[in-house]
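Data from data-v6.cif: mmCIF, C-alpha atoms
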```cif
data_final
loop_
_atom_site.label_atom_id
_atom_site.label_comp_id
_atom_site.auth_asym_id
_atom_site.auth_seq_id
_atom_site.Cartn_x
_atom_site.Cartn_y
_atom_site.Cartn_z
CA MET E 1 -72.89 -54.48 -24.59
CA ILE E 2 -74.78 -57.51 -25.84
CA THR E 3 -72.89 -59.10 -28.73
CA VAL E 4 -73.66 -62.19 -30.72
CA LEU E 5 -71.06 -63.54 -33.12
CA GLY E 6 -68.92 -60.50 -32.46
CA VAL E 7 -71.38 -57.88 -33.73
CA PRO E 8 -73.14 -55.71 -31.12
CA GLU E 9 -76.91 -56.13 -31.11
CA VAL E 10 -77.42 -52.35 -31.45
CA VAL E 11 -75.52 -52.51 -34.76
CA ILE E 12 -77.72 -55.34 -36.06
CA ASP E 13 -80.78 -53.31 -35.00
CA ARG E 14 -79.60 -50.37 -37.12
CA LEU E 15 -78.92 -52.34 -40.31
CA PRO E 16 -82.58 -52.74 -41.39
CA VAL E 17 -82.94 -48.96 -41.18
CA TYR E 18 -79.87 -48.53 -43.39
CA ALA E 19 -81.24 -51.13 -45.83
CA ARG E 20 -84.62 -49.40 -45.99
CA THR E 21 -83.11 -45.97 -46.60
CA LEU E 22 -80.77 -47.35 -49.28
CA ALA E 23 -83.66 -49.13 -51.01
CA GLU E 24 -85.48 -45.79 -51.11
CA LEU E 25 -82.42 -44.04 -52.63
CA ASN E 26 -82.26 -46.90 -55.14
CA ARG E 27 -85.90 -46.35 -56.13
CA LYS E 28 -85.10 -42.68 -56.66
CA GLY E 29 -82.40 -43.73 -59.11
CA ARG E 30 -79.39 -42.84 -56.95
CA GLN E 31 -76.34 -44.90 -57.80
CA VAL E 32 -73.77 -43.73 -55.26
CA VAL E 33 -74.13 -42.29 -51.75
CA SER E 34 -71.53 -40.97 -49.32
CA SER E 35 -71.59 -41.91 -45.63
CA GLN E 36 -72.13 -38.18 -45.05
CA GLU E 37 -75.37 -38.13 -47.08
CA LEU E 38 -76.52 -41.47 -45.73
CA GLY E 39 -75.91 -40.15 -42.22
CA GLU E 40 -78.02 -37.07 -42.94
CA GLU E 41 -80.88 -39.26 -44.20
CA LEU E 42 -80.65 -41.42 -41.08
CA GLY E 43 -79.82 -38.88 -38.40
CA VAL E 44 -76.57 -40.64 -37.41
CA THR E 45 -72.96 -39.60 -37.87
CA PRO E 46 -71.01 -40.74 -40.95
CA ALA E 47 -68.43 -42.24 -38.57
CA GLN E 48 -71.15 -44.38 -36.98
CA ILE E 49 -72.22 -45.70 -40.39
CA ARG E 50 -68.63 -46.52 -41.38
CA LYS E 51 -68.03 -48.26 -38.06
CA ASP E 52 -71.27 -50.27 -38.25
CA LEU E 53 -70.51 -51.45 -41.77
CA SER E 54 -66.89 -52.28 -40.94
CA TYR E 55 -68.10 -55.34 -38.97
CA PHE E 56 -69.09 -56.93 -42.26
CA GLY E 57 -66.24 -56.02 -44.60
CA ARG E 58 -65.39 -53.18 -46.94
CA PHE E 59 -68.26 -51.71 -48.91
CA GLY E 60 -67.05 -48.36 -50.22
CA LYS E 61 -63.94 -46.87 -51.71
CA GLN E 62 -62.30 -44.00 -49.85
CA GLY E 63 -63.69 -40.76 -51.27
CA ARG E 64 -66.03 -42.48 -53.70
CA GLY E 65 -68.97 -43.37 -51.50
CA TYR E 66 -71.04 -46.53 -51.55
CA SER E 67 -72.74 -48.16 -54.51
CA VAL E 68 -76.39 -47.91 -53.48
CA GLN E 69 -77.43 -51.09 -55.27
CA ARG E 70 -74.51 -53.16 -54.02
CA LEU E 71 -74.78 -52.01 -50.40
CA THR E 72 -78.55 -52.61 -50.39
CA ASN E 73 -78.04 -56.16 -51.68
CA GLU E 74 -75.21 -56.85 -49.24
CA LEU E 75 -77.18 -55.63 -46.24
CA ARG E 76 -80.22 -57.66 -47.28
CA ARG E 77 -78.04 -60.75 -47.60
CA ILE E 78 -76.37 -60.14 -44.22
CA LEU E 79 -79.77 -59.72 -42.56
CA GLY E 80 -81.31 -62.74 -44.29
CA LEU E 81 -83.80 -60.57 -46.16
CA ASP E 82 -82.97 -62.25 -49.47
CA GLN E 83 -85.02 -65.25 -48.34
CA ALA E 84 -88.71 -65.73 -47.44
CA TRP E 85 -89.86 -66.22 -43.84
CA THR E 86 -93.07 -67.85 -42.64
CA MET E 87 -95.00 -66.77 -39.56
CA VAL E 88 -97.98 -67.85 -37.49
CA LEU E 89 -100.00 -65.42 -35.38
CA VAL E 90 -101.62 -66.29 -32.04
CA GLY E 91 -104.42 -64.08 -30.65
CA VAL E 92 -107.01 -62.60 -33.01
CA GLY E 93 -108.40 -59.70 -30.95
CA ASN E 94 -108.24 -56.06 -32.12
CA LEU E 95 -104.46 -56.16 -32.19
CA GLY E 96 -104.23 -59.54 -33.92
CA ARG E 97 -106.73 -58.34 -36.53
CA ALA E 98 -104.65 -55.21 -37.12
CA VAL E 99 -101.53 -57.33 -37.59
CA LEU E 100 -103.32 -59.74 -39.96
CA SER E 101 -104.63 -56.81 -42.03
CA TYR E 102 -101.24 -55.08 -42.17
CA LYS E 103 -99.76 -55.24 -45.68
CA GLY E 104 -96.20 -54.37 -44.64
CA PHE E 105 -95.10 -57.87 -43.64
CA THR E 106 -95.74 -59.66 -46.95
CA ALA E 107 -94.21 -56.79 -48.91
CA GLU E 108 -90.95 -57.44 -47.05
CA GLY E 109 -90.97 -61.23 -47.39
CA PHE E 110 -92.62 -62.10 -44.05
CA ARG E 111 -95.69 -64.20 -44.78
CA ILE E 112 -98.29 -65.09 -42.14
CA VAL E 113 -99.51 -68.58 -43.04
CA ALA E 114 -102.08 -69.14 -40.28
CA ALA E 115 -103.67 -67.51 -37.23
CA PHE E 116 -104.81 -69.11 -33.97
CA ASP E 117 -107.31 -68.07 -31.31
CA ALA E 118 -109.01 -69.64 -28.29
CA HIS E 119 -112.47 -68.11 -28.90
CA THR E 120 -114.89 -70.35 -30.76
CA GLU E 121 -116.58 -67.33 -32.39
CA THR E 122 -113.28 -66.34 -34.02
CA VAL E 123 -112.06 -69.83 -34.99
CA GLY E 124 -112.93 -70.69 -38.60
CA ARG E 125 -113.05 -67.06 -39.73
CA THR E 126 -110.73 -65.48 -42.27
CA VAL E 127 -109.08 -62.18 -41.31
CA GLY E 128 -106.93 -60.25 -43.77
CA GLY E 129 -106.99 -63.32 -46.00
CA ILE E 130 -105.63 -65.58 -43.21
CA ARG E 131 -107.60 -68.50 -41.78
CA VAL E 132 -108.04 -68.59 -37.98
CA TYR E 133 -107.62 -72.01 -36.34
CA ASN E 134 -108.23 -73.23 -32.80
CA VAL E 135 -105.13 -72.61 -30.67
CA LYS E 136 -105.47 -76.22 -29.43
CA ASN E 137 -104.23 -77.25 -32.87
CA LEU E 138 -101.19 -74.95 -32.87
CA ALA E 139 -98.62 -77.63 -32.05
CA SER E 140 -99.98 -80.16 -34.54
CA PHE E 141 -100.20 -77.47 -37.24
CA LEU E 142 -96.56 -76.52 -36.69
CA THR E 143 -95.49 -80.16 -36.86
CA SER E 144 -96.91 -80.41 -40.38
CA ASN E 145 -96.14 -76.79 -41.35
CA PRO E 146 -92.98 -75.58 -39.63
CA ALA E 147 -92.86 -71.80 -39.29
CA ASP E 148 -89.88 -69.55 -38.66
CA ILE E 149 -91.54 -66.92 -36.50
CA GLY E 150 -94.50 -66.75 -34.12
CA ILE E 151 -96.36 -63.49 -33.49
CA ILE E 152 -97.86 -63.26 -30.01
CA ALA E 153 -100.89 -60.94 -29.89
CA VAL E 154 -102.62 -62.37 -26.81
CA SER E 155 -102.93 -60.64 -23.42
CA ALA E 156 -100.01 -60.41 -21.00
CA SER E 157 -101.38 -63.22 -18.83
CA GLY E 158 -101.49 -65.72 -21.68
CA ALA E 159 -98.29 -64.78 -23.48
CA GLN E 160 -95.78 -67.07 -21.71
CA GLU E 161 -97.93 -70.14 -22.31
CA VAL E 162 -98.15 -69.30 -26.02
CA ALA E 163 -94.38 -68.69 -26.14
CA ASP E 164 -93.75 -72.12 -24.57
CA LEU E 165 -96.03 -73.73 -27.13
CA LEU E 166 -94.27 -72.00 -30.03
CA VAL E 167 -90.79 -72.84 -28.73
CA GLY E 168 -91.84 -76.45 -28.07
CA SER E 169 -93.01 -76.67 -31.67
CA GLY E 170 -89.68 -75.57 -33.12
CA VAL E 171 -90.31 -71.85 -33.66
CA LYS E 172 -87.01 -69.98 -33.27
CA GLY E 173 -88.20 -66.37 -33.48
CA ILE E 174 -90.97 -64.58 -31.58
CA LEU E 175 -92.45 -61.16 -32.25
CA ASN E 176 -94.14 -60.34 -28.96
CA TYR E 177 -96.86 -57.68 -28.69
CA ALA E 178 -97.83 -58.65 -25.11
CA PRO E 179 -96.44 -56.30 -22.43
CA VAL E 180 -94.45 -58.98 -20.62
CA ALA E 181 -90.85 -60.22 -20.61
CA LEU E 182 -90.95 -63.73 -22.05
CA ARG E 183 -88.61 -66.44 -20.79
CA VAL E 184 -87.26 -68.48 -23.71
CA PRO E 185 -84.31 -70.85 -24.12
CA VAL E 186 -80.98 -69.66 -25.49
CA GLY E 187 -81.15 -69.71 -29.28
CA THR E 188 -84.71 -68.40 -29.45
CA GLN E 189 -84.94 -64.78 -30.61
CA VAL E 190 -87.56 -62.50 -29.08
CA LYS E 191 -88.39 -59.00 -30.28
CA ASN E 192 -90.85 -57.09 -28.14
CA ILE E 193 -93.17 -54.44 -29.52
CA GLU E 194 -93.51 -52.19 -26.52
CA PRO E 195 -95.27 -48.88 -27.03
CA VAL E 196 -95.18 -48.09 -23.30
CA LEU E 197 -91.39 -48.48 -23.14
CA ALA E 198 -91.11 -46.25 -26.22
CA LEU E 199 -93.25 -43.61 -24.47
CA GLN E 200 -91.28 -43.96 -21.25
CA SER E 201 -88.00 -43.07 -22.91
CA MET E 202 -89.65 -40.30 -24.93
CA THR E 203 -90.82 -38.53 -21.77
CA TYR E 204 -87.20 -38.15 -20.68
CA TYR E 205 -86.79 -35.67 -23.52
CA LEU E 206 -90.26 -34.11 -23.19
CA LYS E 207 -89.68 -33.47 -19.50
CA THR E 208 -86.20 -32.08 -20.07
CA ALA E 209 -87.40 -29.80 -22.88
CA ALA E 210 -90.30 -28.39 -20.86
CA PRO E 211 -89.83 -24.84 -19.56
CA MET K 1 -73.67 -42.33 -31.15
CA ILE K 2 -76.68 -40.05 -30.77
CA THR K 3 -76.52 -38.14 -27.51
CA VAL K 4 -78.84 -35.54 -26.08
CA LEU K 5 -77.81 -33.57 -23.02
CA GLY K 6 -74.75 -35.78 -22.70
CA VAL K 7 -76.56 -39.07 -22.20
CA PRO K 8 -76.54 -41.53 -25.13
CA GLU K 9 -79.99 -42.29 -26.49
CA VAL K 10 -79.41 -46.04 -26.14
CA VAL K 11 -78.94 -45.50 -22.39
CA ILE K 12 -82.22 -43.59 -22.12
CA ASP K 13 -83.93 -46.38 -24.06
CA ARG K 14 -82.74 -48.94 -21.50
CA LEU K 15 -83.85 -47.03 -18.38
CA PRO K 16 -87.59 -47.84 -18.70
CA VAL K 17 -86.69 -51.54 -18.80
CA TYR K 18 -84.62 -51.12 -15.64
CA ALA K 19 -87.48 -49.22 -13.98
CA ARG K 20 -90.01 -51.89 -14.93
CA THR K 21 -87.84 -54.73 -13.63
CA LEU K 22 -87.14 -52.85 -10.39
CA ALA K 23 -90.85 -52.16 -9.89
CA GLU K 24 -91.45 -55.89 -10.25
CA LEU K 25 -88.77 -56.70 -7.65
CA ASN K 26 -90.38 -54.09 -5.41
CA ARG K 27 -93.77 -55.77 -5.74
CA LYS K 28 -92.12 -59.06 -4.74
CA GLY K 29 -90.91 -57.38 -1.55
CA ARG K 30 -87.23 -57.17 -2.49
CA GLN K 31 -85.46 -54.30 -0.72
CA VAL K 32 -81.94 -54.49 -2.13
CA VAL K 33 -80.58 -55.77 -5.44
CA SER K 34 -77.02 -56.09 -6.72
CA SER K 35 -76.04 -55.02 -10.23
CA GLN K 36 -75.18 -58.70 -10.76
CA GLU K 37 -78.74 -59.84 -9.99
CA LEU K 38 -80.31 -56.94 -11.86
CA GLY K 39 -78.13 -57.81 -14.85
CA GLU K 40 -79.31 -61.41 -14.77
CA GLU K 41 -82.95 -60.28 -14.71
CA LEU K 42 -82.32 -57.97 -17.66
CA GLY K 43 -79.86 -59.96 -19.74
CA VAL K 44 -77.19 -57.25 -19.61
CA THR K 45 -73.82 -57.16 -17.85
CA PRO K 46 -73.52 -55.67 -14.34
CA ALA K 47 -70.86 -53.32 -15.74
CA GLN K 48 -73.37 -52.03 -18.31
CA ILE K 49 -75.92 -51.29 -15.58
CA ARG K 50 -73.36 -49.47 -13.43
CA LYS K 51 -72.18 -47.45 -16.44
CA ASP K 52 -75.73 -46.54 -17.51
CA LEU K 53 -76.67 -45.38 -14.01
CA SER K 54 -73.42 -43.45 -13.59
CA TYR K 55 -74.74 -40.77 -16.00
CA PHE K 56 -77.26 -39.75 -13.37
CA GLY K 57 -75.29 -39.89 -10.13
CA ARG K 58 -74.48 -42.48 -7.48
CA PHE K 59 -77.25 -44.87 -6.57
CA GLY K 60 -75.64 -47.76 -4.72
CA LYS K 61 -72.96 -48.29 -2.14
CA GLN K 62 -69.97 -50.43 -3.16
CA GLY K 63 -70.70 -54.02 -2.16
CA ARG K 64 -74.16 -53.23 -0.78
CA GLY K 65 -76.26 -53.16 -3.93
CA TYR K 66 -79.07 -50.79 -4.79
CA SER K 67 -82.12 -49.93 -2.73
CA VAL K 68 -84.91 -51.23 -4.96
CA GLN K 69 -87.44 -48.62 -3.83
CA ARG K 70 -85.06 -45.70 -4.08
CA LEU K 71 -83.64 -46.66 -7.48
CA THR K 72 -87.16 -47.23 -8.85
CA ASN K 73 -88.24 -43.79 -7.69
CA GLU K 74 -85.10 -42.11 -9.01
CA LEU K 75 -85.41 -43.72 -12.43
CA ARG K 76 -89.09 -42.78 -12.64
CA ARG K 77 -88.22 -39.19 -11.75
CA ILE K 78 -85.36 -39.07 -14.29
CA LEU K 79 -87.66 -40.41 -17.01
CA GLY K 80 -90.55 -38.11 -16.11
CA LEU K 81 -92.75 -41.04 -15.12
CA ASP K 82 -93.69 -39.39 -11.84
CA GLN K 83 -96.02 -37.10 -13.78
CA ALA K 84 -99.11 -37.71 -15.95
CA TRP K 85 -98.99 -37.37 -19.74
CA THR K 86 -101.89 -36.73 -22.09
CA MET K 87 -102.19 -38.17 -25.58
CA VAL K 88 -104.43 -37.93 -28.64
CA LEU K 89 -104.73 -40.72 -31.19
CA VAL K 90 -105.26 -40.20 -34.93
CA GLY K 91 -106.57 -43.07 -37.07
CA VAL K 92 -109.25 -45.39 -35.71
CA GLY K 93 -108.88 -48.45 -37.93
CA ASN K 94 -108.06 -51.94 -36.59
CA LEU K 95 -104.77 -50.71 -35.20
CA GLY K 96 -106.20 -47.52 -33.69
CA ARG K 97 -108.97 -49.55 -32.06
CA ALA K 98 -106.39 -51.96 -30.59
CA VAL K 99 -104.43 -49.01 -29.19
CA LEU K 100 -107.58 -47.40 -27.75
CA SER K 101 -108.58 -50.69 -26.11
CA TYR K 102 -105.11 -51.34 -24.67
CA LYS K 103 -105.08 -50.93 -20.89
CA GLY K 104 -101.30 -50.63 -20.56
CA PHE K 105 -101.04 -46.90 -21.29
CA THR K 106 -103.31 -45.58 -18.54
CA ALA K 107 -101.77 -47.94 -16.00
CA GLU K 108 -98.42 -46.24 -16.63
CA GLY K 109 -99.70 -42.67 -16.55
CA PHE K 110 -100.26 -42.15 -20.29
CA ARG K 111 -103.87 -41.11 -20.82
CA ILE K 112 -105.51 -40.92 -24.26
CA VAL K 113 -107.97 -38.01 -24.04
CA ALA K 114 -109.42 -38.09 -27.55
CA ALA K 115 -109.26 -39.94 -30.86
CA PHE K 116 -109.62 -38.59 -34.40
CA ASP K 117 -110.57 -40.17 -37.70
CA ALA K 118 -111.49 -39.04 -41.22
CA HIS K 119 -114.29 -41.56 -41.80
CA THR K 120 -117.78 -40.27 -41.02
CA GLU K 121 -118.93 -43.75 -39.93
CA THR K 122 -116.29 -43.79 -37.19
CA VAL K 123 -116.60 -40.15 -36.04
CA GLY K 124 -118.90 -39.81 -33.03
CA ARG K 125 -118.31 -43.35 -31.82
CA THR K 126 -116.67 -44.32 -28.54
CA VAL K 127 -113.87 -46.90 -28.66
CA GLY K 128 -112.25 -48.22 -25.49
CA GLY K 129 -114.03 -45.45 -23.61
CA ILE K 130 -112.53 -42.74 -25.87
CA ARG K 131 -114.64 -40.47 -28.07
CA VAL K 132 -113.74 -40.30 -31.77
CA TYR K 133 -113.81 -36.82 -33.35
CA ASN K 134 -113.47 -35.65 -36.94
CA VAL K 135 -109.80 -35.16 -37.79
CA LYS K 136 -110.75 -31.76 -39.27
CA ASN K 137 -111.18 -30.62 -35.67
CA LEU K 138 -107.80 -31.89 -34.47
CA ALA K 139 -106.05 -28.49 -34.48
CA SER K 140 -108.89 -26.65 -32.78
CA PHE K 141 -109.23 -29.43 -30.19
CA LEU K 142 -105.52 -29.19 -29.36
CA THR K 143 -105.73 -25.42 -29.04
CA SER K 144 -108.30 -25.81 -26.27
CA ASN K 145 -106.87 -29.07 -24.88
CA PRO K 146 -103.09 -29.16 -25.30
CA ALA K 147 -101.73 -32.72 -25.37
CA ASP K 148 -98.19 -33.92 -24.77
CA ILE K 149 -98.10 -36.81 -27.22
CA GLY K 150 -99.81 -37.73 -30.49
CA ILE K 151 -100.26 -41.35 -31.54
CA ILE K 152 -100.29 -41.82 -35.31
CA ALA K 153 -102.23 -44.93 -36.37
CA VAL K 154 -103.10 -43.92 -39.93
CA SER K 155 -101.67 -45.47 -43.11
CA ALA K 156 -98.16 -44.66 -44.33
CA SER K 157 -99.44 -42.28 -46.99
CA GLY K 158 -101.31 -40.10 -44.50
CA ALA K 159 -98.81 -40.12 -41.64
CA GLN K 160 -96.67 -37.09 -42.55
CA GLU K 161 -99.73 -34.85 -42.91
CA VAL K 162 -100.97 -35.93 -39.47
CA ALA K 163 -97.50 -35.39 -38.00
CA ASP K 164 -97.42 -31.84 -39.45
CA LEU K 165 -100.85 -31.14 -37.95
CA LEU K 166 -99.77 -32.42 -34.52
CA VAL K 167 -96.49 -30.49 -34.55
CA GLY K 168 -98.27 -27.34 -35.73
CA SER K 169 -100.65 -27.69 -32.79
CA GLY K 170 -97.88 -27.81 -30.21
CA VAL K 171 -97.52 -31.57 -29.72
CA LYS K 172 -93.88 -32.35 -28.81
CA GLY K 173 -93.91 -36.14 -28.84
CA ILE K 174 -95.14 -38.57 -31.49
CA LEU K 175 -95.65 -42.31 -31.19
CA ASN K 176 -95.74 -43.41 -34.82
CA TYR K 177 -97.24 -46.75 -35.88
CA ALA K 178 -97.14 -45.90 -39.60
CA PRO K 179 -94.27 -47.57 -41.49
CA VAL K 180 -92.67 -44.31 -42.63
CA ALA K 181 -89.85 -42.05 -41.44
CA LEU K 182 -91.51 -38.80 -40.34
CA ARG K 183 -89.83 -35.45 -40.82
CA VAL K 184 -90.26 -33.29 -37.74
CA PRO K 185 -88.53 -30.16 -36.46
CA VAL K 186 -85.70 -30.36 -33.93
CA GLY K 187 -87.20 -30.60 -30.45
CA THR K 188 -90.01 -32.93 -31.48
CA GLN K 189 -89.54 -36.50 -30.27
CA VAL K 190 -90.61 -39.38 -32.49
CA LYS K 191 -90.71 -43.03 -31.49
CA ASN K 192 -91.56 -45.47 -34.23
CA ILE K 193 -93.31 -48.77 -33.61
CA GLU K 194 -91.88 -50.85 -36.42
CA PRO K 195 -92.63 -54.56 -36.37
CA VAL K 196 -91.00 -55.06 -39.77
CA LEU K 197 -87.72 -53.54 -38.61
CA ALA K 198 -87.87 -55.76 -35.51
CA LEU K 199 -88.33 -58.82 -37.74
CA GLN K 200 -85.56 -57.71 -40.09
CA SER K 201 -82.97 -57.64 -37.33
CA MET K 202 -84.30 -60.90 -35.86
CA THR K 203 -83.67 -62.76 -39.11
CA TYR K 204 -79.97 -61.95 -38.84
CA TYR K 205 -79.86 -64.34 -35.90
CA LEU K 206 -82.34 -66.86 -37.33
CA LYS K 207 -80.34 -67.09 -40.55
CA THR K 208 -77.04 -67.39 -38.70
CA ALA K 209 -78.39 -70.08 -36.38
CA ALA K 210 -79.80 -72.18 -39.21
CA PRO K 211 -77.86 -75.34 -40.08
#
```
If you convert what's in this file into structure tokens, what do you get?
Amino acid sequence: MITVLGVPEVVIDRLPVYARTLAELNRKGRQVVSSQELGEELGVTPAQIRKDLSYFGRFGKQGRGYSVQRLTNELRRILGLDQAWTMVLVGVGNLGRAVLSYKGFTAEGFRIVAAFDAHTETVGRTVGGIRVYNVKNLASFLTSNPADIGIIAVSASGAQEVADLLVGSGVKGILNYAPVALRVPVGTQVKNIEPVLALQSMTYYLKTAAP
Amino acid sequence: MITVLGVPEVVIDRLPVYARTLAELNRKGRQVVSSQELGEELGVTPAQIRKDLSYFGRFGKQGRGYSVQRLTNELRRILGLDQAWTMVLVGVGNLGRAVLSYKGFTAEGFRIVAAFDAHTETVGRTVGGIRVYNVKNLASFLTSNPADIGIIAVSASGAQEVADLLVGSGVKGILNYAPVALRVPVGTQVKNIEPVLALQSMTYYLKTAAP
């Protein structure tokens, strides 16, 4: 199991889902939730929830459940969601345009500050309120405007070069939409958006369920 | 831990990555690979690989490593990747257009056969070689042309309704791009593409690494 700082990566991957579900309960006015109920909302066992949370301390009282507000805040603090994050996007094709137009990032504190593309007909445009610059100026832009995260929305063949540029310019996190395994130095975080891999594990169940 | 048919879901989720890496080794002409080497390629421990594969039988001989070709084929068979899968897409906005134009699905045996949208200006068009139909005709289309998987690329507010339509028309797998937790009956597989969740677990590491 891959662990960083003692907490398994699969646990970290589950926490945002917990935080989102708790925030929803909070909006509905719920004040307390049991691990049983939370498990039902999330489709995981109560024991799993208790075990996952135990890595970070004690959040509930035996038999009393969790304070929805307090657990939401704690999870957001643990995940670093109580601060704002800046992002740049590289590659303004159909996918890049969809990402730039997507409202879900800003709502959660992830702000795209600039986009970059290699095509002269795209450079200078504004997409989803974000200005598109020439990718040649990516490094110099990042020197003046350090960003936390780079979004790669170029084709598979160009993705590694963009990743190298981002890493060389001090970007520590990459959200990669290109269908390729990026090589990055230790300390750089990569999350891949891989619809094909998602489909390829889904078919295990579709195949097995078929008559 | 969520298990189906005795194999943990996290194991199933890793197998496509193994299969992809093995296919790449195969293309490079490699005939045999040790769990040590495979682990290095994948960033997981050799013990993890051996444990994951042990759910499905014995694939290597002690001290001899795995036959790249045979393990690739076995994993593809286990995952159902040795057969073709048909898909319909609903929602032809920026994101839907990016998905329709993406070449990675067909290359891996996932074929989009039709797209659906509610906007009259989009209906009747062809995007990425795929015809766009009125979403009102989704159910009748699926009755005549059963599909394995539905791709949801509509907004969050419309996603559940589309999911209900797909499920009601016999679709057993959903690839969901909308940022919402869909409610589906037992036996329907949902995979969510969630860039925000990916970012929200990444920031755990970015925050922790910061000085």
Q: Compile the residues of chain K that lie within 7 Å of chain E, evaluated using all atoms listed in the file, and express the compilation as a PyMOL selection string.
A: chain K and resi 1-2+12-13+16+44+48+78-81+94-95+97-98+105+172+189+191+193+195-198+200-204+206-207
Q) With distances taken over only C-alpha atoms, which of K:Leu138, K:Tyr18, K:Ile151, K:Ser35 is nearest to K:Asn73? A)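 Residue with the minimum atom-to-atom distance to K:Asn73: K:Tyr18.
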Q) Which distance in Å separates atom CA of K:Arg58 and atom CA of K:Leu75, to one decimal? A)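 One can read the atom CA of K:Arg58 to atom CA of K:Leu75 distance as 12.1 Å.
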**Q.** Distance in Å - atom CA of K:Phe56 versus atom CA of K:Arg30
**A.** 22.8 Å
(Q) Taking 2 positions as the minimum chain separation for residues in the same chain, which residues sit within 12 Å of K:Thr120 when counting only C-alpha atoms? Answer as a list in words. (A)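 The residues that qualify are Val92, Phe116, Asp117, Ala118, Thr122, Val123, Gly124, Arg125, Val132, Tyr133, Asn134, Val135 and Lys136 of chain K.
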Q: Work out how far atom CA of E:Pro46 is from atom CA of E:Val32, in Å to one decimal.
A: 14.9 Å
Centre and edge lengths, as JSON, for the axis-aligned box enclosing every listed atom of stretch 190-205 of chain E with 8 Å of padding on each of the six sides, in Å to one decimal?
```
{"center_x": -91.0, "center_y": -49.1, "center_z": -25.5, "size_x": 24.5, "size_y": 42.8, "size_z": 25.6}
```
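Selection by the PyMOL selection byres ((chain K and resi 33) around 6) on the present file picks out Val32, Ser34, Gly65 and Tyr66 of chain K.
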Q) Any idea what's packed within 10 Å of E:Pro146, counting only C-alpha atoms, ignoring anything in its chain fewer than 2 positions away? Could you give it as a list in words? A)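 The neighbour list is Thr86, Met87, Val88, Ala139, Ser140, Phe141, Leu142, Thr143, Ser144, Asp148, Ile149, Ser169, Gly170 and Val171 of chain E.
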At the level of all heavy atoms, write stretch 20-24 of chain E to a file as a PDB file, in the first residue's frame, please.
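Contents of part_28.pdb, as written:
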```
ATOM      1  N   ARG E  20     -17.392  16.254   1.266  1.00  0.00           N
ATOM      2  CA  ARG E  20     -18.488  16.718   0.409  1.00  0.00           C
ATOM      3  C   ARG E  20     -19.842  16.265   0.956  1.00  0.00           C
ATOM      4  O   ARG E  20     -20.799  17.039   0.980  1.00  0.00           O
ATOM      5  CB  ARG E  20     -18.276  16.187  -1.024  1.00  0.00           C
ATOM      6  CG  ARG E  20     -19.301  16.702  -1.986  1.00  0.00           C
ATOM      7  CD  ARG E  20     -18.973  16.324  -3.419  1.00  0.00           C
ATOM      8  NE  ARG E  20     -19.116  14.900  -3.654  1.00  0.00           N
ATOM      9  CZ  ARG E  20     -18.918  14.314  -4.834  1.00  0.00           C
ATOM     10  NH1 ARG E  20     -18.535  15.034  -5.876  1.00  0.00           N
ATOM     11  NH2 ARG E  20     -19.063  13.027  -4.984  1.00  0.00           N
ATOM     12  N   THR E  21     -19.910  15.009   1.386  1.00  0.00           N
ATOM     13  CA  THR E  21     -21.170  14.478   1.909  1.00  0.00           C
ATOM     14  C   THR E  21     -21.553  15.183   3.206  1.00  0.00           C
ATOM     15  O   THR E  21     -22.721  15.521   3.427  1.00  0.00           O
ATOM     16  CB  THR E  21     -21.028  12.960   2.137  1.00  0.00           C
ATOM     17  OG1 THR E  21     -20.688  12.354   0.893  1.00  0.00           O
ATOM     18  CG2 THR E  21     -22.328  12.348   2.635  1.00  0.00           C
ATOM     19  N   LEU E  22     -20.558  15.433   4.067  1.00  0.00           N
ATOM     20  CA  LEU E  22     -20.818  16.144   5.319  1.00  0.00           C
ATOM     21  C   LEU E  22     -21.290  17.571   5.051  1.00  0.00           C
ATOM     22  O   LEU E  22     -22.217  18.061   5.715  1.00  0.00           O
ATOM     23  CB  LEU E  22     -19.552  16.158   6.178  1.00  0.00           C
ATOM     24  CG  LEU E  22     -19.253  14.841   6.894  1.00  0.00           C
ATOM     25  CD1 LEU E  22     -17.794  14.773   7.289  1.00  0.00           C
ATOM     26  CD2 LEU E  22     -20.149  14.672   8.128  1.00  0.00           C
ATOM     27  N   ALA E  23     -20.677  18.225   4.073  1.00  0.00           N
ATOM     28  CA  ALA E  23     -21.076  19.603   3.747  1.00  0.00           C
ATOM     29  C   ALA E  23     -22.531  19.625   3.296  1.00  0.00           C
ATOM     30  O   ALA E  23     -23.278  20.560   3.591  1.00  0.00           O
ATOM     31  CB  ALA E  23     -20.157  20.175   2.665  1.00  0.00           C
ATOM     32  N   GLU E  24     -22.944  18.570   2.585  1.00  0.00           N
ATOM     33  CA  GLU E  24     -24.323  18.475   2.114  1.00  0.00           C
ATOM     34  C   GLU E  24     -25.278  18.276   3.305  1.00  0.00           C
ATOM     35  O   GLU E  24     -26.330  18.925   3.374  1.00  0.00           O
ATOM     36  CB  GLU E  24     -24.442  17.303   1.137  1.00  0.00           C
ATOM     37  CG  GLU E  24     -25.521  17.474   0.110  1.00  0.00           C
ATOM     38  CD  GLU E  24     -25.260  16.561  -1.085  1.00  0.00           C
ATOM     39  OE1 GLU E  24     -24.191  16.691  -1.716  1.00  0.00           O
ATOM     40  OE2 GLU E  24     -26.121  15.712  -1.351  1.00  0.00           O
TER      41      GLU E  24
END
```
